[in-house]
Protein chains: 2
Amino acid sequence: MQNSSFPELNTPERTLLGPGPSMTSPRVMRALSAPVIGHLDPEFLRVMDEEQQLLRLVFQTKNELTLAIPGTGSAGMEAALCNFIEPGDAVLVSVIGFFGERLYEMAKRYGAEVDRLERAWGEILDPAEFESALKKKNYKLVALVHAETSTGALQTGIPEIAAAAHRHGALLLLDTVTSLGGIPVEIDRWDVDIAYSAAQKSLSCPPGLAPLTVSERARQALAARKTPVANWYLDLNGLEKYWGQPHAYHHTAPCNLHFALREGLRMVVEEGLEARFARHRANAELFWEGLEALELSPFIPLEYRLATLTTPRIPPGVDDAETRRRLLEEYNIEIAGGFGPLKGKVWRVGLMGYSSRRENILLLLAALDRILHG
Amino acid sequence: MQNSSFPELNTPERTLLGPGPSMTSPRVMRALSAPVIGHLDPEFLRVMDEEQQLLRLVFQTKNELTLAIPGTGSAGMEAALCNFIEPGDAVLVSVIGFFGERLYEMAKRYGAEVDRLERAWGEILDPAEFESALKKKNYKLVALVHAETSTGALQTGIPEIAAAAHRHGALLLLDTVTSLGGIPVEIDRWDVDIAYSAAQKSLSCPPGLAPLTVSERARQALAARKTPVANWYLDLNGLEKYWGQPHAYHHTAPCNLHFALREGLRMVVEEGLEARFARHRANAELFWEGLEALELSPFIPLEYRLATLTTPRIPPGVDDAETRRRLLEEYNIEIAGGFGPLKGKVWRVGLMGYSSRRENILLLLAALDRILHG
């Protein structure tokens, strides 16, 4: 046993301005480190109950079936799909970036016949394109990403797309990973059936939980399944009986992550959704102004550009990896590079939750200026 | 927005003596609350690398494919099954308690033809029974629980069972949720192919991660699959490429839980496995002596009784739920009741990791004495 090879944990303090995780407030970290308690302790069940109420406020929904999946955002995505897909079901997936691809890949693993509604990365779809695909075939589920973390594009027209899905008897599944808590997400008003997010983006909590909400319409589809959900851990039948009555044991809940998420959600509600969205927008605009001054042009047009995630084009002659390495090593700032077709072409800068503060933006702009023009 | 309904988090401090979660040391909690850093930050990849090395020491294995699944113990169980089962595969599951039942249920969801090797809850199987079942049919996988958390029984003879499985061309899967870090688990010497555990038992970390290790033999079986793993989040192909080279993005790792697990594992290695097992054994014996003095008889014979989890019989006339309620409310002590056929018949008392301390045992015995005989 060589203790000497494993010194005390010694991690750096970063200014996190990538696509997530975001920074966490000291309040959230204090909640995180409350003593561990049992997953069936009445005091813990109370925490979960409050977390559920807070999640409904943040998702702007009355959905009874609203909870946090005990895994990261991708587990939330998988829970949103696996509970509503049976082998052979027809599913329509919008693919306009990396996370649309992931939806497609996961849906296929559950035996769905998946069709793609596709556009180049960085573009968005018109609601009419959904309508026209829905006319051609009977889909059980239409799945799309609200805020594409790989491109920085906001898919607009969600209420129209939801209405089209419902006209044709399909459920609407919306990935709100990079939108919830940072830009408007109105589950009930938009009539979205299934939505999930992640704790570590605009909710600014440590990663490891994925908020999820399910409409009555989707819940009935779950109840009408002919086959068991093909994923045990993410089966909402089991999760629902743990979160609600009879509070039957399902898994040993990661209590500290729930403590933290409850506090992060409480901070969202305390700030107020409208004020929070306005802060994210104002800070994004401050950043965009600064980018202009640095002659860095945003990849996504203003019209559908995300306030939570900006993707400036990397200027010709600038080394992507080297720039990010210097930001990290010299200034302790994390931003991310692009994926797939956008690799080497854009950076991804997240301004979400507790990371969305003027001081962080000024710091990043100044550091970029020194590296690019210093 | 009604802030008043969501006050500051105010959870109790419990002496956790149930089947998990266990208590955590202050060192683990300090590690837990280190600042969030990115899942691809070189400093975080270093933490994961050290965690992996520590996991190998604790599992007593050289297995390259050793990591922590980003979910609770049940996600570890599901990862251990879903990666090695394709539809139609024959699987043999030992069912001698609740978690054997769960293995059976999960294996079925992945389309396996599952046979049960069954005994009454609280009993264990003889290795010869595995051998005789393996002679009758070609199984791809034999799955069993080492330490049955629902009964307190230790399945002995693991090396013999593994040898029988291998003689007949099957892989051996072992649930070490309630054994790893508290009683001997020797993956390489016993020749176990797939084993998983949970962070919150004898490793005494907050719940939310499930250590997993996979032998070369099992890894080859994974590589030889004809169909994709039916579970995206738990697919070891994706997880392995994130933990090791090329460190490709898979999910946003719950960094704080990894910080905590690394520290908990470091404490295991620092104490030394042999010393740690001896501590768990000595404390269990102290507890058993105390039970005798209280005229509470252990359900499981000494011969295969777990040191990590004891299941005293509830004496006639004693109210199970009321006794546990009083322990919790009057003394802040958590123990658990029995499941299924053992409901109302036994209590489940865990003495694992940081919970396994003499002061906790004396406190529990004194509180039980006051409630039962006071």
# chains A, B, ... in the order shown; residues from 1 in each chain; ligands from 1
call {"tool": "residues_around", "arguments": {"residues": "B:Gln53", "least_positions_apart": "2", "cutoff": "12 Å", "atoms": "only C-alpha atoms", "output": "PyMOL selection string"}}
result
(chain A and resi 1-3+5-6) or (chain B and resi 46-51+55-68+211+213+243+262+265-266+269)
call {"tool": "residues_around", "arguments": {"residues": "B:Ser25", "least_positions_apart": "3", "cutoff": "12 Å", "atoms": "only C-alpha atoms", "output": "ChimeraX atom specification"}}
result
/A:33,35-36 /B:22,28-32,200,202-206,260-261,263-268,353-357
call {"tool": "write_last_selection", "arguments": {"atoms": "C-alpha atoms", "output": "PDB file, in the first residue's frame"}}
result
ATOM      1  CA  SER A  33     -21.823  19.051   2.141  1.00  0.00           C
ATOM      2  CA  PRO A  35     -24.298  15.255   6.423  1.00  0.00           C
ATOM      3  CA  VAL A  36     -25.393  12.145   4.535  1.00  0.00           C
TER       4      VAL A  36
ATOM      5  CA  SER B  22     -23.013   4.774   5.872  1.00  0.00           C
ATOM      6  CA  VAL B  28     -14.464  12.740   2.580  1.00  0.00           C
ATOM      7  CA  MET B  29     -16.871  15.638   3.036  1.00  0.00           C
ATOM      8  CA  ARG B  30     -14.102  18.192   2.551  1.00  0.00           C
ATOM      9  CA  ALA B  31     -13.110  16.456  -0.671  1.00  0.00           C
ATOM     10  CA  LEU B  32     -16.771  16.383  -1.759  1.00  0.00           C
ATOM     11  CA  GLN B 200     -21.969   4.510   0.203  1.00  0.00           C
ATOM     12  CA  SER B 202     -18.086   0.087   3.393  1.00  0.00           C
ATOM     13  CA  LEU B 203     -16.245   2.668   1.278  1.00  0.00           C
ATOM     14  CA  SER B 204     -18.199   5.276   3.286  1.00  0.00           C
ATOM     15  CA  CYS B 205     -18.617   7.905   0.600  1.00  0.00           C
ATOM     16  CA  PRO B 206     -21.758   9.802  -0.383  1.00  0.00           C
ATOM     17  CA  ALA B 260     -15.190  12.179  -2.422  1.00  0.00           C
ATOM     18  CA  LEU B 261     -14.738   8.620  -3.662  1.00  0.00           C
ATOM     19  CA  GLU B 263     -10.668  10.385  -0.734  1.00  0.00           C
ATOM     20  CA  GLY B 264     -12.693   7.492   0.684  1.00  0.00           C
ATOM     21  CA  LEU B 265     -10.582   5.014  -1.279  1.00  0.00           C
ATOM     22  CA  ARG B 266      -7.416   6.756  -0.134  1.00  0.00           C
ATOM     23  CA  MET B 267      -8.569   6.236   3.452  1.00  0.00           C
ATOM     24  CA  VAL B 268      -9.158   2.528   2.773  1.00  0.00           C
ATOM     25  CA  GLY B 353     -16.764   1.986   6.876  1.00  0.00           C
ATOM     26  CA  TYR B 354     -16.885   5.108   9.023  1.00  0.00           C
ATOM     27  CA  SER B 355     -20.072   3.823  10.704  1.00  0.00           C
ATOM     28  CA  SER B 356     -18.118   0.827  12.051  1.00  0.00           C
ATOM     29  CA  ARG B 357     -16.894   2.491  15.257  1.00  0.00           C
TER      30      ARG B 357
END
call {"tool": "residues_around", "arguments": {"residues": "B:Ala79", "least_positions_apart": "2", "cutoff": "8 Å", "atoms": "only C-alpha atoms", "output": "CSV table (one decimal) with N, CA and C atoms, in the first residue's frame"}}
result
chain,number,residue,atom,x,y,z
B,69,ILE,N,-19.1,3.7,-12.1
B,69,ILE,CA,-20.3,4.1,-12.9
B,69,ILE,C,-20.9,5.3,-12.3
B,75,ALA,N,-27.3,1.1,-10.5
B,75,ALA,CA,-26.8,1.4,-11.9
B,75,ALA,C,-25.5,0.5,-12.1
B,76,GLY,N,-24.7,0.3,-11.0
B,76,GLY,CA,-23.6,-0.6,-11.2
B,76,GLY,C,-24.1,-2.0,-11.5
B,77,MET,N,-25.1,-2.5,-10.8
B,77,MET,CA,-25.7,-3.8,-11.2
B,77,MET,C,-26.1,-3.9,-12.6
B,81,LEU,N,-24.6,-6.1,-15.9
B,81,LEU,CA,-25.5,-7.1,-16.7
B,81,LEU,C,-25.6,-6.7,-18.1
B,82,CYS,N,-25.9,-5.4,-18.4
B,82,CYS,CA,-26.3,-5.0,-19.7
B,82,CYS,C,-25.2,-5.1,-20.7
B,83,ASN,N,-24.0,-5.0,-20.3
B,83,ASN,CA,-22.8,-5.0,-21.2
B,83,ASN,C,-22.5,-6.5,-21.6
B,234,LEU,N,-24.8,3.4,-19.8
B,234,LEU,CA,-24.0,2.4,-19.0
B,234,LEU,C,-23.1,1.6,-20.0
B,235,ASP,N,-23.1,1.9,-21.2
B,235,ASP,CA,-22.3,1.2,-22.2
B,235,ASP,C,-20.8,1.3,-21.9
B,236,LEU,N,-20.1,0.3,-21.5
B,236,LEU,CA,-18.7,0.3,-21.2
B,236,LEU,C,-17.8,0.8,-22.3
call {"tool": "residues_around", "arguments": {"residues": "stretch 159-172 of chain B", "least_positions_apart": "3", "cutoff": "7 Å", "atoms": "only C-alpha atoms", "output": "VMD selection string"}}
result
chain B and resid 127 130 to 131 134 139 to 143 190 to 194 218
call {"tool": "write_last_selection", "arguments": {"atoms": "C-alpha atoms", "output": "PDB file, in the first residue's frame"}}
result
ATOM      1  CA  PRO B 127     -20.751 -24.374  -4.917  1.00  0.00           C
ATOM      2  CA  PHE B 130     -23.743 -24.145  -9.280  1.00  0.00           C
ATOM      3  CA  GLU B 131     -21.649 -26.930 -10.773  1.00  0.00           C
ATOM      4  CA  LEU B 134     -23.857 -25.536 -15.154  1.00  0.00           C
ATOM      5  CA  TYR B 139     -24.787 -20.378 -19.659  1.00  0.00           C
ATOM      6  CA  LYS B 140     -23.045 -17.251 -20.836  1.00  0.00           C
ATOM      7  CA  LEU B 141     -23.143 -15.666 -17.401  1.00  0.00           C
ATOM      8  CA  VAL B 142     -23.563 -16.722 -13.779  1.00  0.00           C
ATOM      9  CA  ALA B 143     -24.601 -13.878 -11.472  1.00  0.00           C
ATOM     10  CA  TRP B 190     -10.966 -15.622  -6.914  1.00  0.00           C
ATOM     11  CA  ASP B 191     -11.050 -15.185 -10.707  1.00  0.00           C
ATOM     12  CA  VAL B 192     -14.237 -13.104 -10.755  1.00  0.00           C
ATOM     13  CA  ASP B 193     -15.042 -11.622 -14.179  1.00  0.00           C
ATOM     14  CA  ILE B 194     -17.371  -8.752 -13.371  1.00  0.00           C
ATOM     15  CA  ALA B 218     -15.262 -10.460 -19.847  1.00  0.00           C
TER      16      ALA B 218
END
call {"tool": "residues_around", "arguments": {"residues": "B:Gly208", "least_positions_apart": "4", "cutoff": "7 Å", "atoms": "only C-alpha atoms", "output": "PyMOL selection string"}}
result
(chain A and resi 254) or (chain B and resi 70-72+199+257)
call {"tool": "atom_distance", "arguments": {"atom1": "atom CA of B:Ala128", "atom2": "atom CA of B:Arg102"}}
result
23.4 Å
call {"tool": "residues_around", "arguments": {"residues": "stretch 277-284 of chain B", "least_positions_apart": "5", "cutoff": "9 Å", "atoms": "only C-alpha atoms", "output": "mmCIF file with N, CA and C atoms, in the first residue's frame"}}
result
data_model
loop_
_atom_site.group_PDB
_atom_site.id
_atom_site.type_symbol
_atom_site.label_atom_id
_atom_site.label_comp_id
_atom_site.auth_asym_id
_atom_site.auth_seq_id
_atom_site.Cartn_x
_atom_site.Cartn_y
_atom_site.Cartn_z
ATOM 1 N N GLY B 181 -14.509 -3.415 0.703
ATOM 2 C CA GLY B 181 -13.969 -2.449 1.660
ATOM 3 C C GLY B 181 -14.266 -2.796 3.111
ATOM 4 N N GLY B 182 -15.106 -3.808 3.334
ATOM 5 C CA GLY B 182 -15.451 -4.176 4.706
ATOM 6 C C GLY B 182 -15.055 -5.609 5.049
ATOM 7 N N ILE B 183 -15.151 -6.492 4.056
ATOM 8 C CA ILE B 183 -14.716 -7.880 4.226
ATOM 9 C C ILE B 183 -13.934 -8.260 2.963
ATOM 10 N N PRO B 184 -13.130 -9.331 3.012
ATOM 11 C CA PRO B 184 -12.277 -9.623 1.854
ATOM 12 C C PRO B 184 -13.042 -9.823 0.535
ATOM 13 N N GLY B 272 -5.248 0.235 5.340
ATOM 14 C CA GLY B 272 -4.781 -1.094 4.946
ATOM 15 C C GLY B 272 -5.960 -2.050 4.916
ATOM 16 N N GLU B 289 -22.015 -9.563 20.666
ATOM 17 C CA GLU B 289 -22.000 -9.762 22.124
ATOM 18 C C GLU B 289 -23.098 -8.942 22.793
ATOM 19 N N LEU B 306 -22.562 -11.995 7.902
ATOM 20 C CA LEU B 306 -21.771 -10.853 7.443
ATOM 21 C C LEU B 306 -21.267 -10.021 8.611
ATOM 22 N N ALA B 307 -20.019 -9.560 8.518
ATOM 23 C CA ALA B 307 -19.513 -8.627 9.524
ATOM 24 C C ALA B 307 -20.054 -7.222 9.250
ATOM 25 N N THR B 308 -20.385 -6.958 7.998
ATOM 26 C CA THR B 308 -20.813 -5.613 7.614
ATOM 27 C C THR B 308 -22.289 -5.347 7.894
ATOM 28 N N LEU B 309 -23.083 -6.423 7.976
ATOM 29 C CA LEU B 309 -24.530 -6.232 8.151
ATOM 30 C C LEU B 309 -25.108 -7.365 8.986
ATOM 31 N N THR B 310 -25.695 -6.998 10.113
ATOM 32 C CA THR B 310 -26.282 -8.001 11.012
ATOM 33 C C THR B 310 -27.796 -7.868 10.993
ATOM 34 N N LEU B 351 -22.737 -2.046 9.879
ATOM 35 C CA LEU B 351 -21.546 -1.487 10.547
ATOM 36 C C LEU B 351 -20.467 -1.445 9.486
ATOM 37 N N MET B 352 -20.519 -0.401 8.687
ATOM 38 C CA MET B 352 -19.670 -0.332 7.503
ATOM 39 C C MET B 352 -18.872 0.960 7.482
ATOM 40 N N GLY B 353 -17.610 0.819 7.090
ATOM 41 C CA GLY B 353 -16.764 1.986 6.876
ATOM 42 C C GLY B 353 -16.689 2.861 8.106
ATOM 43 N N SER B 356 -18.614 1.926 11.221
ATOM 44 C CA SER B 356 -18.118 0.827 12.051
ATOM 45 C C SER B 356 -17.138 1.359 13.091
ATOM 46 N N ARG B 357 -17.699 1.955 14.158
ATOM 47 C CA ARG B 357 -16.894 2.491 15.257
ATOM 48 C C ARG B 357 -17.525 2.045 16.566
ATOM 49 N N ARG B 358 -16.689 1.765 17.537
ATOM 50 C CA ARG B 358 -17.170 1.248 18.827
ATOM 51 C C ARG B 358 -18.204 2.169 19.458
ATOM 52 N N ILE B 361 -21.674 1.571 18.181
ATOM 53 C CA ILE B 361 -22.253 0.296 18.618
ATOM 54 C C ILE B 361 -22.780 0.415 20.046
#
call {"tool": "atom_distance", "arguments": {"atom1": "atom CA of A:Glu86", "atom2": "atom CA of B:Ile85"}}
result
18.8 Å
call {"tool": "closest_residue", "arguments": {"among": "B:Phe44, B:Phe84, B:Tyr331, B:Tyr304", "to": "B:Gln220", "atoms": "only C-alpha atoms"}}
result
B:Phe84
call {"tool": "residues_around", "arguments": {"residues": "A:Asn360", "least_positions_apart": "6", "cutoff": "9 Å", "atoms": "only C-alpha atoms", "output": "MDAnalysis selection string"}}
result
chainID A and resid 15:17 351
call {"tool": "write_last_selection", "arguments": {"atoms": "N, CA and C atoms", "output": "compact mmCIF listing (two decimals), in the first residue's frame"}}
result
# COMPACT_ATOMS: atom_id res chain seq x y z
N THR A 15 -12.46 29.40 -13.40
CA THR A 15 -13.60 30.17 -13.87
C THR A 15 -14.20 29.36 -15.01
N LEU A 16 -15.35 28.75 -14.74
CA LEU A 16 -15.93 27.79 -15.69
C LEU A 16 -16.84 28.49 -16.68
N LEU A 17 -16.34 28.67 -17.91
CA LEU A 17 -17.11 29.35 -18.94
C LEU A 17 -17.22 28.47 -20.18
N LEU A 351 -22.36 30.94 -20.52
CA LEU A 351 -22.60 31.94 -19.47
C LEU A 351 -23.90 31.54 -18.81
call {"tool": "closest_residue", "arguments": {"among": "B:Pro301, B:Gly18, B:Gly344, B:Pro316", "to": "chain A", "atoms": "only C-alpha atoms"}}
result
B:Gly18
call {"tool": "select_by_dssp", "arguments": {"residues": "stretch 75-196 of chain A", "states": "strand (DSSP E or B)", "output": "compact mmCIF listing (two decimals) with N, CA and C atoms, in the first residue's frame"}}
result
# COMPACT_ATOMS: atom_id res chain seq x y z
N ALA A 90 -42.24 4.19 -34.12
CA ALA A 90 -41.66 5.17 -35.04
C ALA A 90 -41.37 6.46 -34.28
N VAL A 91 -40.15 6.93 -34.41
CA VAL A 91 -39.71 8.14 -33.70
C VAL A 91 -39.08 9.10 -34.71
N LEU A 92 -39.41 10.37 -34.57
CA LEU A 92 -38.82 11.40 -35.42
C LEU A 92 -37.87 12.24 -34.58
N VAL A 93 -36.61 12.32 -35.01
CA VAL A 93 -35.62 13.07 -34.24
C VAL A 93 -35.06 14.20 -35.10
N SER A 94 -35.04 15.39 -34.53
CA SER A 94 -34.40 16.52 -35.20
C SER A 94 -32.90 16.48 -34.91
N VAL A 95 -32.10 16.50 -35.98
CA VAL A 95 -30.65 16.42 -35.81
C VAL A 95 -30.01 17.68 -36.42
N GLU A 113 -37.84 2.68 -34.74
CA GLU A 113 -37.55 3.01 -36.15
C GLU A 113 -37.42 4.52 -36.18
N VAL A 114 -36.20 4.99 -36.32
CA VAL A 114 -35.98 6.43 -36.15
C VAL A 114 -35.75 7.12 -37.49
N ASP A 115 -36.52 8.16 -37.72
CA ASP A 115 -36.28 9.02 -38.88
C ASP A 115 -35.64 10.31 -38.41
N ARG A 116 -34.83 10.88 -39.30
CA ARG A 116 -34.11 12.11 -38.94
C ARG A 116 -34.68 13.29 -39.71
N LEU A 117 -34.82 14.39 -39.00
CA LEU A 117 -35.17 15.65 -39.65
C LEU A 117 -33.90 16.47 -39.49
N GLU A 118 -33.21 16.70 -40.59
CA GLU A 118 -31.83 17.13 -40.47
C GLU A 118 -31.57 18.49 -41.11
N TRP A 121 -25.25 21.61 -38.97
CA TRP A 121 -24.98 22.07 -37.60
C TRP A 121 -24.92 23.59 -37.57
N GLU A 123 -27.73 25.40 -37.89
CA GLU A 123 -29.03 25.87 -38.38
C GLU A 123 -30.12 25.37 -37.44
N LEU A 141 -43.42 9.48 -31.22
CA LEU A 141 -42.64 10.46 -30.47
C LEU A 141 -41.85 11.35 -31.43
N VAL A 142 -41.84 12.65 -31.11
CA VAL A 142 -40.97 13.60 -31.83
C VAL A 142 -39.99 14.15 -30.80
N ALA A 143 -38.70 14.03 -31.08
CA ALA A 143 -37.69 14.44 -30.11
C ALA A 143 -36.80 15.52 -30.69
N LEU A 144 -36.58 16.56 -29.91
CA LEU A 144 -35.69 17.62 -30.39
C LEU A 144 -35.00 18.34 -29.25
N VAL A 145 -33.94 19.04 -29.63
CA VAL A 145 -33.13 19.78 -28.66
C VAL A 145 -33.52 21.25 -28.73
N ALA A 147 -31.94 23.83 -26.95
CA ALA A 147 -30.73 24.66 -26.99
C ALA A 147 -29.57 23.71 -27.31
N GLU A 148 -29.10 23.74 -28.54
CA GLU A 148 -28.08 22.78 -28.99
C GLU A 148 -26.71 23.20 -28.47
N ALA A 153 -27.16 27.13 -31.04
CA ALA A 153 -28.41 27.54 -31.69
C ALA A 153 -29.62 27.23 -30.81
N LEU A 154 -30.57 28.16 -30.81
CA LEU A 154 -31.84 27.98 -30.10
C LEU A 154 -32.90 27.56 -31.11
N LEU A 171 -46.13 12.31 -29.22
CA LEU A 171 -45.67 13.01 -28.03
C LEU A 171 -44.50 13.90 -28.39
N LEU A 172 -44.35 15.01 -27.68
CA LEU A 172 -43.20 15.89 -27.93
C LEU A 172 -42.19 15.82 -26.79
N LEU A 173 -40.97 15.46 -27.14
CA LEU A 173 -39.86 15.36 -26.18
C LEU A 173 -38.88 16.49 -26.43
N LEU A 174 -38.56 17.25 -25.40
CA LEU A 174 -37.68 18.41 -25.56
C LEU A 174 -36.48 18.34 -24.61
N ASP A 175 -35.30 18.42 -25.19
CA ASP A 175 -34.05 18.50 -24.42
C ASP A 175 -33.86 19.96 -24.01
N ILE A 194 -42.52 15.68 -22.63
CA ILE A 194 -41.41 15.12 -21.87
C ILE A 194 -40.25 16.11 -22.01
N ALA A 195 -39.69 16.54 -20.90
CA ALA A 195 -38.53 17.43 -20.97
C ALA A 195 -37.55 17.04 -19.88
N TYR A 196 -36.27 17.20 -20.19
CA TYR A 196 -35.25 16.90 -19.19
C TYR A 196 -34.19 17.98 -19.29
call {"tool": "select_by_dssp", "arguments": {"residues": "stretch 24-227 of chain B", "states": "alpha helix (DSSP H)", "output": "ChimeraX atom specification"}}
result
/B:26-32,42-59,73-82,98-109,127-136,158-167,187-190,216-223
call {"tool": "closest_residue", "arguments": {"among": "A:Thr178, A:Thr323, A:Gln52, A:Asn332", "to": "A:Trp347", "atoms": "only C-alpha atoms"}}
result
A:Thr323
call {"tool": "closest_residue", "arguments": {"among": "A:Ala198, A:Leu125, A:Leu294, A:Ile158", "to": "chain B", "atoms": "only C-alpha atoms"}}
result
A:Ala198
call {"tool": "decode", "arguments": {"residues": "stretch 180-227 of chain B", "atoms": "C-alpha atoms", "output": "short mmCIF file (atom, residue, chain, number, x, y, z; two decimals), in the first residue's frame"}}
result
data_model
loop_
_atom_site.label_atom_id
_atom_site.label_comp_id
_atom_site.auth_asym_id
_atom_site.auth_seq_id
_atom_site.Cartn_x
_atom_site.Cartn_y
_atom_site.Cartn_z
CA LEU B 180 -16.13 -4.30 -0.83
CA GLY B 181 -13.97 -2.45 1.66
CA GLY B 182 -15.45 -4.18 4.71
CA ILE B 183 -14.72 -7.88 4.23
CA PRO B 184 -12.28 -9.62 1.85
CA VAL B 185 -13.04 -9.29 -1.88
CA GLU B 186 -10.23 -10.65 -4.02
CA ILE B 187 -11.23 -10.26 -7.64
CA ASP B 188 -8.07 -11.65 -9.26
CA ARG B 189 -7.34 -14.46 -6.81
CA TRP B 190 -10.97 -15.62 -6.91
CA ASP B 191 -11.05 -15.19 -10.71
CA VAL B 192 -14.24 -13.10 -10.76
CA ASP B 193 -15.04 -11.62 -14.18
CA ILE B 194 -17.37 -8.75 -13.37
CA ALA B 195 -17.85 -7.13 -9.99
CA TYR B 196 -19.52 -3.94 -8.85
CA SER B 197 -20.10 -2.19 -5.59
CA ALA B 198 -21.45 1.12 -4.28
CA ALA B 199 -19.73 4.19 -2.85
CA GLN B 200 -21.97 4.51 0.20
CA LYS B 201 -21.45 1.19 2.00
CA SER B 202 -18.09 0.09 3.39
CA LEU B 203 -16.24 2.67 1.28
CA SER B 204 -18.20 5.28 3.29
CA CYS B 205 -18.62 7.90 0.60
CA PRO B 206 -21.76 9.80 -0.38
CA PRO B 207 -24.05 7.72 -2.63
CA GLY B 208 -24.04 8.24 -6.40
CA LEU B 209 -21.13 6.21 -7.78
CA ALA B 210 -20.76 2.46 -8.32
CA PRO B 211 -17.24 0.98 -8.59
CA LEU B 212 -17.00 -1.67 -11.30
CA THR B 213 -14.24 -3.96 -12.50
CA VAL B 214 -14.14 -6.23 -15.57
CA SER B 215 -11.67 -9.04 -16.31
CA GLU B 216 -9.91 -9.51 -19.65
CA ARG B 217 -12.12 -12.55 -20.28
CA ALA B 218 -15.26 -10.46 -19.85
CA ARG B 219 -13.79 -7.62 -21.86
CA GLN B 220 -13.31 -10.00 -24.77
CA ALA B 221 -16.94 -11.07 -24.43
CA LEU B 222 -17.92 -7.39 -24.61
CA ALA B 223 -15.80 -6.92 -27.74
CA ALA B 224 -17.39 -10.01 -29.33
CA ARG B 225 -20.99 -8.75 -28.98
CA LYS B 226 -23.07 -8.89 -32.14
CA THR B 227 -25.50 -6.18 -31.02
#
